[in-house]
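Trainee: Questions regarding the structure given below will be posed in turn.
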Amino acid sequence: MHLWERSLAISATTLLLVGAAVVPALADEVEQVVNGGFDSGTDPFWSTSGMPIALSDGQACVDVPGGTANRWDAAIGQNDIDLVAGETYRFAFDASGDAGHVVRAVTGLAVSPYDTYFEQSPALGGLQHYEYTFTASTSTAQGQVAFQVGGSAEPWHFCVDNVSLVGGVPPEVYVPDTGPRVRVNQVAYLPAGPKGATLVTEATSALPWHLSDDNGKVVASGRSVPRGVDASSGQNVHSIDFSRFTKPGSGYTLTADGETSRPFDIGAAAYDRLRADSLKFFYTQRSGIAIDDALRPGYGRPAGHVDVAPNQGDGDVPCQPGVCDYRLDVRGGWYDAGDHGKYVVNGGISVWGLLSEYEQSRGVRKVSLNIPESGDRIPDILDEARWELDFLLEMQAPDGMVHHKIHDQAWTGLPLLPSADPQPRELHPVSTAATLNLAATAAQAARIYSRYDPAFAKRALAAATKAYTAAKTHPIALAPESDGVGGGAYNDTKVTDDFYWAAAELYLTTGEKRYATDVITSPEHTADSFGPAAFDWAATAAPAKMDLALLPNKLPGLNGVKAQVVAGADKYLAVQRAHPYGVAYAPANNVWDWGSNSIIANNLVVLTAAHQLTGRAKYRDGVLTGLDYLLGRNALNRSYVTGYGEVSAQNEHSRWYAAQLDPALPHPPAGSLAGGPNSSIQDPLAQEKLKGCVGQFCYIDDIQSWSTNELAINWNAALARLTGYVAEIH
Ligand code: 9MR
């Protein structure tokens, strides 16, 4: 059975919009499961072949065979379940199983395409009662409840009883546990840096606060500043400034209004670790190579997509039908996110993040990333970026254009190791945006790698030049929004910014006048590139301007570009100062975008550029204040970086760091950035739990919430770029 997650998300969104106007009346509570107590035999339950249901002490038990690959390869279930869209159901059962085994309890569609409407995967032990509430997103008479127990190498024993699905129950209101009302950077404030906190309170006038050290001794005190109702959270808040306290230490807490914050450090060490961890993330995302457990204890896994069954492999990949008549070897690269897709535009902006960290934060050259190439004469950050660059180069078609992406023919379910993905892989059409991403990053690579690997640098520049020429010949090969089956669309219909970025990088590398002319005559050159979101995979003019402003070159009118970057930074500083949580992001109508954490990080990267350009401390302080939000000073009181802070994200959407679904798998590695609040809540779980959420609250740390809680290479590239800078300035 498959989880057609994205198509389901679309239908669920549509339903929600309708549901907002017509609230269905609560029906009487009605049991949908027949004979759930197994009091009259096993009918109408079914089980997969070779696994007959036996009644034992009134429970339904099975001997689960070992050696199956997927959860759904062995299952017990009941079909012909009626589900009504918008109605809330209580799904309950008693179950037991050999310790360490997991049951995937599902309510879904009994027929193809086997949509999953609700699922939970509890780890089993002695007989226990399990109970969940969910709201159906679809109406069907062909529903199913099922207990999937496959995927184990060893045989094991599973029993279930009192299976119940009751419709018409009241919806469960999800209330996040936000802990103490004093919100701080749970990781560390730099000793000489700004130290801001936010207090959530009903009070409208100033309140006393005090700072305590790890012995409970009060070391500083002051009064809060009332800030009124914060639009991004809907909370009444005060801000607290304890910047004047500078003594390094750990275990500090801040107390105000009878609440004590989570503990934090004053010190820089965490940022050295985070700089390395945010970059180490990329090795565990690698495709086409086994991840060595000795290098990443707990994260070792076989190579993915190297033409070993059940993978269909990336070694000889055809296009989608009718798209091209050749095949390409596109092994390698990084998996994009929690899926197994590889997308050139997102690879491009991620490579830029790493290469620009190399160019701007020189200390990173000495940072060991514990990767197979560590110890060679090339800085590890460049070895890691090279893994993706080689893949980007492979995606170039014979005519110089570049394929937008390569991924599975259909969406796969979770969990699924890269090496276990059985789907056919396909190249999608070439696009102008992907072609220009290669032109930009290969040009950037050419200047950077020339001192380490001149042959590669030469090859990269040739590919960049060829791509740039091809893009000029095909300027409107646009990636459509509709191409989102089996992988993300990464649709991009505006490519003037990509032309600008490619021309800028080619100019910075070659100094050739023709590229300078293209830069200067581009409509992007004078346009404001610093809107609510400075840059991301789709918007690449700001990276071009920052590189032009920061790297040595003789572009006529260069001071104007520098002034634009500084003016952009001033806008973000103004937004941040007005924001009681110190966030340099205020999207129109408070609609927070998918991956908002990376947008916030990227806006802060603009501040790093302004700091480098002007040397003015206000920009550095803005970067540090902005980072506080990502590390816990937020409405949810949670650090969005795994393993950093007392309470951090840990269940990001990923097919292989899927501990939430299978305790045998790891959580994401330390130092990965969760996507963050997304007002449009574009997955069924978020739609279920977060309906009506305000800005910062549109996030849930659940593996099923891909639209608020995925991890992704571009987001970690943003974190790496940012923490690389912080590690440099302390
Ligand atoms: O990061 C992407 C975000 O900006 C888009 O709004 C969203 C929907 O198109 O897609 C995001 O990217 C996802 C991609 O499509 C597939 N791999 C996972 C990416 C992160 O969620």
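Lettering and numbering for the structure tokens are positional, with chains as A, B, ... in the shown order, residues counted from 1 in each chain, and ligands counted from 1 in the shown order.
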Find the residues around Thr178 in chain A up to 10 Å (only C-alpha atoms counted), leave out those fewer than 2 positions away in its own chain, and share them as a list of chain:residue names.

Mentor: A:Val175, A:Pro176, A:Pro180, A:Arg181, A:Arg183, A:Asn634, A:Ala635, A:Leu636, A:Asn637, A:Arg638, A:Val647

Trainee: Mind dumping the selected residues with all heavy atoms as a PDB file, in the first residue's frame?

Mentor:
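Output saved as part30.pdb:
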ATOM      1  N   VAL A 175      -3.320  21.336  21.911  1.00  0.00           N
ATOM      2  CA  VAL A 175      -2.715  22.468  22.607  1.00  0.00           C
ATOM      3  C   VAL A 175      -1.231  22.157  22.787  1.00  0.00           C
ATOM      4  O   VAL A 175      -0.875  21.211  23.493  1.00  0.00           O
ATOM      5  CB  VAL A 175      -3.375  22.692  23.990  1.00  0.00           C
ATOM      6  CG1 VAL A 175      -2.754  23.894  24.681  1.00  0.00           C
ATOM      7  CG2 VAL A 175      -4.871  22.872  23.843  1.00  0.00           C
ATOM      8  N   PRO A 176      -0.371  22.905  22.126  1.00  0.00           N
ATOM      9  CA  PRO A 176       1.057  22.606  22.263  1.00  0.00           C
ATOM     10  C   PRO A 176       1.546  22.880  23.681  1.00  0.00           C
ATOM     11  O   PRO A 176       1.040  23.789  24.342  1.00  0.00           O
ATOM     12  CB  PRO A 176       1.717  23.560  21.259  1.00  0.00           C
ATOM     13  CG  PRO A 176       0.734  24.664  21.065  1.00  0.00           C
ATOM     14  CD  PRO A 176      -0.634  24.081  21.291  1.00  0.00           C
ATOM     15  N   PRO A 180       7.540  27.160  30.194  1.00  0.00           N
ATOM     16  CA  PRO A 180       7.551  28.446  30.899  1.00  0.00           C
ATOM     17  C   PRO A 180       7.347  29.631  29.956  1.00  0.00           C
ATOM     18  O   PRO A 180       7.789  29.600  28.801  1.00  0.00           O
ATOM     19  CB  PRO A 180       8.927  28.495  31.563  1.00  0.00           C
ATOM     20  CG  PRO A 180       9.735  27.438  30.895  1.00  0.00           C
ATOM     21  CD  PRO A 180       8.775  26.417  30.384  1.00  0.00           C
ATOM     22  N   ARG A 181       6.717  30.683  30.466  1.00  0.00           N
ATOM     23  CA  ARG A 181       6.360  31.827  29.624  1.00  0.00           C
ATOM     24  C   ARG A 181       7.524  32.781  29.370  1.00  0.00           C
ATOM     25  O   ARG A 181       7.355  33.795  28.705  1.00  0.00           O
ATOM     26  CB  ARG A 181       5.173  32.573  30.246  1.00  0.00           C
ATOM     27  CG  ARG A 181       3.866  31.801  30.137  1.00  0.00           C
ATOM     28  CD  ARG A 181       2.698  32.587  30.681  1.00  0.00           C
ATOM     29  NE  ARG A 181       2.666  32.612  32.145  1.00  0.00           N
ATOM     30  CZ  ARG A 181       2.994  33.643  32.904  1.00  0.00           C
ATOM     31  NH1 ARG A 181       3.396  34.773  32.340  1.00  0.00           N
ATOM     32  NH2 ARG A 181       2.931  33.581  34.217  1.00  0.00           N
ATOM     33  N   ARG A 183      10.779  33.270  27.400  1.00  0.00           N
ATOM     34  CA  ARG A 183      11.345  32.629  26.198  1.00  0.00           C
ATOM     35  C   ARG A 183      12.755  33.155  25.916  1.00  0.00           C
ATOM     36  O   ARG A 183      12.945  34.369  25.770  1.00  0.00           O
ATOM     37  CB  ARG A 183      10.431  32.903  24.998  1.00  0.00           C
ATOM     38  CG  ARG A 183       8.981  32.501  25.248  1.00  0.00           C
ATOM     39  CD  ARG A 183       8.854  30.983  25.351  1.00  0.00           C
ATOM     40  NE  ARG A 183       7.696  30.535  26.114  1.00  0.00           N
ATOM     41  CZ  ARG A 183       6.434  30.588  25.698  1.00  0.00           C
ATOM     42  NH1 ARG A 183       6.155  31.081  24.516  1.00  0.00           N
ATOM     43  NH2 ARG A 183       5.455  30.137  26.450  1.00  0.00           N
ATOM     44  N   ASN A 634      10.842  31.805  21.061  1.00  0.00           N
ATOM     45  CA  ASN A 634       9.700  31.876  20.151  1.00  0.00           C
ATOM     46  C   ASN A 634       8.429  31.435  20.877  1.00  0.00           C
ATOM     47  O   ASN A 634       8.474  30.958  22.017  1.00  0.00           O
ATOM     48  CB  ASN A 634       9.968  31.029  18.899  1.00  0.00           C
ATOM     49  CG  ASN A 634      10.356  29.596  19.235  1.00  0.00           C
ATOM     50  OD1 ASN A 634       9.650  28.914  19.973  1.00  0.00           O
ATOM     51  ND2 ASN A 634      11.485  29.135  18.705  1.00  0.00           N
ATOM     52  N   ALA A 635       7.312  31.599  20.205  1.00  0.00           N
ATOM     53  CA  ALA A 635       6.012  31.357  20.836  1.00  0.00           C
ATOM     54  C   ALA A 635       5.853  29.905  21.275  1.00  0.00           C
ATOM     55  O   ALA A 635       5.117  29.613  22.220  1.00  0.00           O
ATOM     56  CB  ALA A 635       4.889  31.746  19.879  1.00  0.00           C
ATOM     57  N   LEU A 636       6.519  28.992  20.603  1.00  0.00           N
ATOM     58  CA  LEU A 636       6.395  27.579  20.961  1.00  0.00           C
ATOM     59  C   LEU A 636       7.450  27.138  21.972  1.00  0.00           C
ATOM     60  O   LEU A 636       7.429  26.000  22.441  1.00  0.00           O
ATOM     61  CB  LEU A 636       6.451  26.706  19.706  1.00  0.00           C
ATOM     62  CG  LEU A 636       5.217  26.841  18.804  1.00  0.00           C
ATOM     63  CD1 LEU A 636       5.434  26.122  17.483  1.00  0.00           C
ATOM     64  CD2 LEU A 636       3.973  26.309  19.495  1.00  0.00           C
ATOM     65  N   ASN A 637       8.380  28.050  22.288  1.00  0.00           N
ATOM     66  CA  ASN A 637       9.411  27.752  23.277  1.00  0.00           C
ATOM     67  C   ASN A 637      10.208  26.505  22.893  1.00  0.00           C
ATOM     68  O   ASN A 637      10.440  25.623  23.714  1.00  0.00           O
ATOM     69  CB  ASN A 637       8.778  27.565  24.666  1.00  0.00           C
ATOM     70  CG  ASN A 637       9.781  27.755  25.784  1.00  0.00           C
ATOM     71  OD1 ASN A 637      10.954  28.030  25.544  1.00  0.00           O
ATOM     72  ND2 ASN A 637       9.329  27.600  27.018  1.00  0.00           N
ATOM     73  N   ARG A 638      10.571  26.428  21.638  1.00  0.00           N
ATOM     74  CA  ARG A 638      11.240  25.228  21.131  1.00  0.00           C
ATOM     75  C   ARG A 638      12.379  25.647  20.205  1.00  0.00           C
ATOM     76  O   ARG A 638      12.211  26.519  19.358  1.00  0.00           O
ATOM     77  CB  ARG A 638      10.226  24.401  20.333  1.00  0.00           C
ATOM     78  CG  ARG A 638      10.774  23.122  19.749  1.00  0.00           C
ATOM     79  CD  ARG A 638       9.702  22.425  18.936  1.00  0.00           C
ATOM     80  NE  ARG A 638       8.635  21.895  19.760  1.00  0.00           N
ATOM     81  CZ  ARG A 638       8.642  20.655  20.281  1.00  0.00           C
ATOM     82  NH1 ARG A 638       9.637  19.846  20.047  1.00  0.00           N
ATOM     83  NH2 ARG A 638       7.634  20.244  21.019  1.00  0.00           N
ATOM     84  N   VAL A 647      14.582  21.880  24.766  1.00  0.00           N
ATOM     85  CA  VAL A 647      13.479  21.272  24.004  1.00  0.00           C
ATOM     86  C   VAL A 647      13.672  21.661  22.547  1.00  0.00           C
ATOM     87  O   VAL A 647      13.591  22.834  22.187  1.00  0.00           O
ATOM     88  CB  VAL A 647      12.108  21.777  24.509  1.00  0.00           C
ATOM     89  CG1 VAL A 647      10.985  21.200  23.652  1.00  0.00           C
ATOM     90  CG2 VAL A 647      11.907  21.396  25.970  1.00  0.00           C
TER      91      VAL A 647
END

Trainee: Just list as an NGL selection string whatever in range 78-242 of chain A DSSP marks as strand (DSSP E).

Mentor: :A and (78-83 or 88-97 or 104-109 or 116-120 or 128-135 or 140-148 or 156-167 or 182-183 or 188-189 or 196-200 or 208-212 or 218-223 or 225-229 or 236-241)

Trainee: For Val430 in chain A, find every residue with an atom within 6 Å (counting only C-alpha atoms), except residues of its own chain fewer than 4 positions away, and show them as a ChimeraX atom specification.

Mentor: /A:402-404

Trainee: Residues at most 10 Å from Leu417 in chain A, counting only C-alpha atoms, excluding those fewer than 6 positions away in the same chain, as a PDB file with N, CA and C atoms, in the first residue's frame?

Mentor:
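Generated output (out.pdb):
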ATOM      1  N   ARG A 301      24.214   3.510   6.813  1.00  0.00           N
ATOM      2  CA  ARG A 301      23.170   2.886   5.990  1.00  0.00           C
ATOM      3  C   ARG A 301      23.770   2.543   4.635  1.00  0.00           C
ATOM      4  N   PRO A 302      23.126   1.573   3.931  1.00  0.00           N
ATOM      5  CA  PRO A 302      23.655   1.220   2.609  1.00  0.00           C
ATOM      6  C   PRO A 302      23.501   2.383   1.623  1.00  0.00           C
ATOM      7  N   ALA A 303      24.278   2.325   0.562  1.00  0.00           N
ATOM      8  CA  ALA A 303      24.181   3.350  -0.485  1.00  0.00           C
ATOM      9  C   ALA A 303      22.785   3.344  -1.091  1.00  0.00           C
ATOM     10  N   GLY A 304      22.254   4.516  -1.379  1.00  0.00           N
ATOM     11  CA  GLY A 304      20.939   4.619  -2.003  1.00  0.00           C
ATOM     12  C   GLY A 304      21.051   4.900  -3.489  1.00  0.00           C
ATOM     13  N   ASP A 339      12.521  13.313   1.431  1.00  0.00           N
ATOM     14  CA  ASP A 339      12.201  12.437   0.291  1.00  0.00           C
ATOM     15  C   ASP A 339      13.502  12.008  -0.384  1.00  0.00           C
ATOM     16  N   HIS A 340      13.364  11.194  -1.436  1.00  0.00           N
ATOM     17  CA  HIS A 340      14.551  10.699  -2.129  1.00  0.00           C
ATOM     18  C   HIS A 340      14.783  11.423  -3.453  1.00  0.00           C
ATOM     19  N   SER A 654      11.108  12.770   7.575  1.00  0.00           N
ATOM     20  CA  SER A 654      12.191  12.134   6.821  1.00  0.00           C
ATOM     21  C   SER A 654      11.871  10.663   6.685  1.00  0.00           C
ATOM     22  N   ARG A 655      12.214  10.107   5.520  1.00  0.00           N
ATOM     23  CA  ARG A 655      11.956   8.685   5.322  1.00  0.00           C
ATOM     24  C   ARG A 655      12.974   7.798   6.032  1.00  0.00           C
ATOM     25  N   TRP A 656      14.097   8.346   6.412  1.00  0.00           N
ATOM     26  CA  TRP A 656      15.083   7.459   7.062  1.00  0.00           C
ATOM     27  C   TRP A 656      15.506   7.874   8.464  1.00  0.00           C
ATOM     28  N   TYR A 657      15.300   9.124   8.852  1.00  0.00           N
ATOM     29  CA  TYR A 657      15.503   9.463  10.276  1.00  0.00           C
ATOM     30  C   TYR A 657      14.127   9.390  10.917  1.00  0.00           C
ATOM     31  N   ALA A 658      13.537   8.187  10.880  1.00  0.00           N
ATOM     32  CA  ALA A 658      12.102   8.075  11.165  1.00  0.00           C
ATOM     33  C   ALA A 658      11.833   7.381  12.492  1.00  0.00           C
ATOM     34  N   LEU A 665      15.011   3.062  13.905  1.00  0.00           N
ATOM     35  CA  LEU A 665      15.646   4.095  13.079  1.00  0.00           C
ATOM     36  C   LEU A 665      16.023   5.288  13.957  1.00  0.00           C
TER      37      LEU A 665
END

Trainee: For ligand 1, which residue out of A:Asn346, A:Gln409, A:Thr441, A:Thr493 is the nearest one, using only C-alpha atoms and all ligand atoms?

Mentor: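 Closest candidate: A:Asn346.
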
Trainee: For ligand 1, return the neighbouring residues as a list in words (distance at most 6 Å; only C-alpha atoms and all ligand atoms).

Mentor: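 Going residue by residue within 6 Å of ligand 1, we get Asp336, Ala337, Asp339, Gly487, Gly488, Ala489, Tyr490, Trp594, Gly595, Glu710 and Ala712 of chain A.
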
Trainee: Now that the selection is made, can you save its residues with all heavy atoms as a PDB file, in the first residue's frame?

Mentor:
ATOM      1  N   ASP A 336      17.231  15.610  -1.318  1.00  0.00           N
ATOM      2  CA  ASP A 336      16.768  16.971  -1.079  1.00  0.00           C
ATOM      3  C   ASP A 336      16.376  17.239   0.363  1.00  0.00           C
ATOM      4  O   ASP A 336      16.677  18.274   0.937  1.00  0.00           O
ATOM      5  CB  ASP A 336      15.557  17.228  -1.980  1.00  0.00           C
ATOM      6  CG  ASP A 336      15.116  18.668  -1.975  1.00  0.00           C
ATOM      7  OD1 ASP A 336      15.951  19.528  -2.311  1.00  0.00           O
ATOM      8  OD2 ASP A 336      13.949  18.929  -1.634  1.00  0.00           O
ATOM      9  N   ALA A 337      15.647  16.275   0.924  1.00  0.00           N
ATOM     10  CA  ALA A 337      14.992  16.588   2.198  1.00  0.00           C
ATOM     11  C   ALA A 337      14.621  15.268   2.856  1.00  0.00           C
ATOM     12  O   ALA A 337      15.462  14.378   2.989  1.00  0.00           O
ATOM     13  CB  ALA A 337      13.775  17.469   1.917  1.00  0.00           C
ATOM     14  N   ASP A 339      12.521  13.313   1.431  1.00  0.00           N
ATOM     15  CA  ASP A 339      12.201  12.437   0.291  1.00  0.00           C
ATOM     16  C   ASP A 339      13.502  12.008  -0.384  1.00  0.00           C
ATOM     17  O   ASP A 339      14.587  12.404   0.019  1.00  0.00           O
ATOM     18  CB  ASP A 339      11.261  13.158  -0.682  1.00  0.00           C
ATOM     19  CG  ASP A 339      11.859  14.439  -1.246  1.00  0.00           C
ATOM     20  OD1 ASP A 339      12.699  15.060  -0.560  1.00  0.00           O
ATOM     21  OD2 ASP A 339      11.508  14.824  -2.377  1.00  0.00           O
ATOM     22  N   GLY A 487       7.491  13.715  -6.433  1.00  0.00           N
ATOM     23  CA  GLY A 487       8.541  14.627  -5.974  1.00  0.00           C
ATOM     24  C   GLY A 487       7.969  16.035  -5.965  1.00  0.00           C
ATOM     25  O   GLY A 487       6.891  16.279  -6.514  1.00  0.00           O
ATOM     26  N   GLY A 488       8.695  16.967  -5.355  1.00  0.00           N
ATOM     27  CA  GLY A 488       8.223  18.354  -5.312  1.00  0.00           C
ATOM     28  C   GLY A 488       8.333  19.003  -6.680  1.00  0.00           C
ATOM     29  O   GLY A 488       9.140  18.588  -7.517  1.00  0.00           O
ATOM     30  N   ALA A 489       7.516  20.034  -6.922  1.00  0.00           N
ATOM     31  CA  ALA A 489       7.518  20.684  -8.242  1.00  0.00           C
ATOM     32  C   ALA A 489       8.713  21.631  -8.393  1.00  0.00           C
ATOM     33  O   ALA A 489       9.312  21.713  -9.445  1.00  0.00           O
ATOM     34  CB  ALA A 489       6.225  21.457  -8.437  1.00  0.00           C
ATOM     35  N   TYR A 490       9.042  22.344  -7.318  1.00  0.00           N
ATOM     36  CA  TYR A 490      10.036  23.422  -7.418  1.00  0.00           C
ATOM     37  C   TYR A 490       9.760  24.284  -8.640  1.00  0.00           C
ATOM     38  O   TYR A 490      10.659  24.600  -9.422  1.00  0.00           O
ATOM     39  CB  TYR A 490      11.470  22.876  -7.413  1.00  0.00           C
ATOM     40  CG  TYR A 490      11.955  22.521  -6.025  1.00  0.00           C
ATOM     41  CD1 TYR A 490      12.246  21.209  -5.664  1.00  0.00           C
ATOM     42  CD2 TYR A 490      12.109  23.500  -5.064  1.00  0.00           C
ATOM     43  CE1 TYR A 490      12.664  20.887  -4.376  1.00  0.00           C
ATOM     44  CE2 TYR A 490      12.539  23.188  -3.783  1.00  0.00           C
ATOM     45  CZ  TYR A 490      12.809  21.884  -3.452  1.00  0.00           C
ATOM     46  OH  TYR A 490      13.233  21.587  -2.177  1.00  0.00           O
ATOM     47  N   TRP A 594       6.137  28.293   3.765  1.00  0.00           N
ATOM     48  CA  TRP A 594       6.761  26.975   3.902  1.00  0.00           C
ATOM     49  C   TRP A 594       8.267  27.180   4.088  1.00  0.00           C
ATOM     50  O   TRP A 594       8.891  27.905   3.304  1.00  0.00           O
ATOM     51  CB  TRP A 594       6.491  26.193   2.616  1.00  0.00           C
ATOM     52  CG  TRP A 594       6.829  24.737   2.608  1.00  0.00           C
ATOM     53  CD1 TRP A 594       7.966  24.147   3.060  1.00  0.00           C
ATOM     54  CD2 TRP A 594       6.018  23.672   2.075  1.00  0.00           C
ATOM     55  NE1 TRP A 594       7.921  22.799   2.859  1.00  0.00           N
ATOM     56  CE2 TRP A 594       6.736  22.478   2.250  1.00  0.00           C
ATOM     57  CE3 TRP A 594       4.756  23.624   1.472  1.00  0.00           C
ATOM     58  CZ2 TRP A 594       6.242  21.240   1.827  1.00  0.00           C
ATOM     59  CZ3 TRP A 594       4.277  22.395   1.050  1.00  0.00           C
ATOM     60  CH2 TRP A 594       5.012  21.215   1.236  1.00  0.00           C
ATOM     61  N   GLY A 595       8.840  26.568   5.092  1.00  0.00           N
ATOM     62  CA  GLY A 595      10.286  26.736   5.318  1.00  0.00           C
ATOM     63  C   GLY A 595      10.619  28.100   5.909  1.00  0.00           C
ATOM     64  O   GLY A 595      11.701  28.635   5.669  1.00  0.00           O
ATOM     65  N   GLU A 710       9.668  19.515   7.896  1.00  0.00           N
ATOM     66  CA  GLU A 710      10.612  18.710   7.124  1.00  0.00           C
ATOM     67  C   GLU A 710      12.021  19.233   7.408  1.00  0.00           C
ATOM     68  O   GLU A 710      12.205  20.290   8.011  1.00  0.00           O
ATOM     69  CB  GLU A 710      10.278  18.804   5.622  1.00  0.00           C
ATOM     70  CG  GLU A 710      11.028  17.762   4.789  1.00  0.00           C
ATOM     71  CD  GLU A 710      10.331  17.366   3.487  1.00  0.00           C
ATOM     72  OE1 GLU A 710       9.160  17.760   3.280  1.00  0.00           O
ATOM     73  OE2 GLU A 710      10.951  16.646   2.693  1.00  0.00           O
ATOM     74  N   ALA A 712      15.720  19.888   5.168  1.00  0.00           N
ATOM     75  CA  ALA A 712      16.043  20.055   3.751  1.00  0.00           C
ATOM     76  C   ALA A 712      17.439  20.651   3.596  1.00  0.00           C
ATOM     77  O   ALA A 712      17.904  21.395   4.463  1.00  0.00           O
ATOM     78  CB  ALA A 712      15.018  20.970   3.072  1.00  0.00           C
TER      79      ALA A 712
END

Trainee: Select, from A:Gly298, A:Gly36, A:Gly50, A:Gly288, the residue with the minimum atom-to-atom distance to Ala146 in chain A, counting only C-alpha atoms.

Mentor: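 Looking only at the distances to Ala146 in chain A, the closest residue turns out to be A:Gly36.
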
Trainee: Using only C-alpha atoms, which residue out of A:Leu414, A:Leu630, A:Ser680, A:Gly313 lies closest to Ala659 in chain A?

Mentor: A:Leu414

Trainee: Go through A:Leu354, A:Ala410, A:Ala141, A:Ala670 and flag the residue nearest Asp82 in chain A, using only C-alpha atoms for the distances.

Mentor: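 Of A:Leu354, A:Ala410, A:Ala141, A:Ala670, the one nearest Asp82 in chain A, counting only C-alpha atoms, is A:Ala141.
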
Trainee: Extract the full set of alpha helix (DSSP H) residues from range 200-426 of chain A according to DSSP on the backbone, and format it as a PyMOL selection string.

Mentor: chain A and resi 269-284+344-360+380-394

Trainee: Considering only C-alpha atoms, return as JSON, numbers by chain whatever protein or nucleic-acid residues lie within 8 Å of Ile600 in chain A, sequence-local ones (same chain, fewer than 4 positions apart) excluded.

Mentor: {"A": [533, 583, 584, 585, 596, 604, 626]}

Trainee: Report, in Å to a single decimal, how far apart CA of Gly315 in chain A and CA of Arg331 in chain A are.

Mentor: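 Value for the CA of Arg331 in chain A-CA of Gly315 in chain A distance: 5.5 Å.
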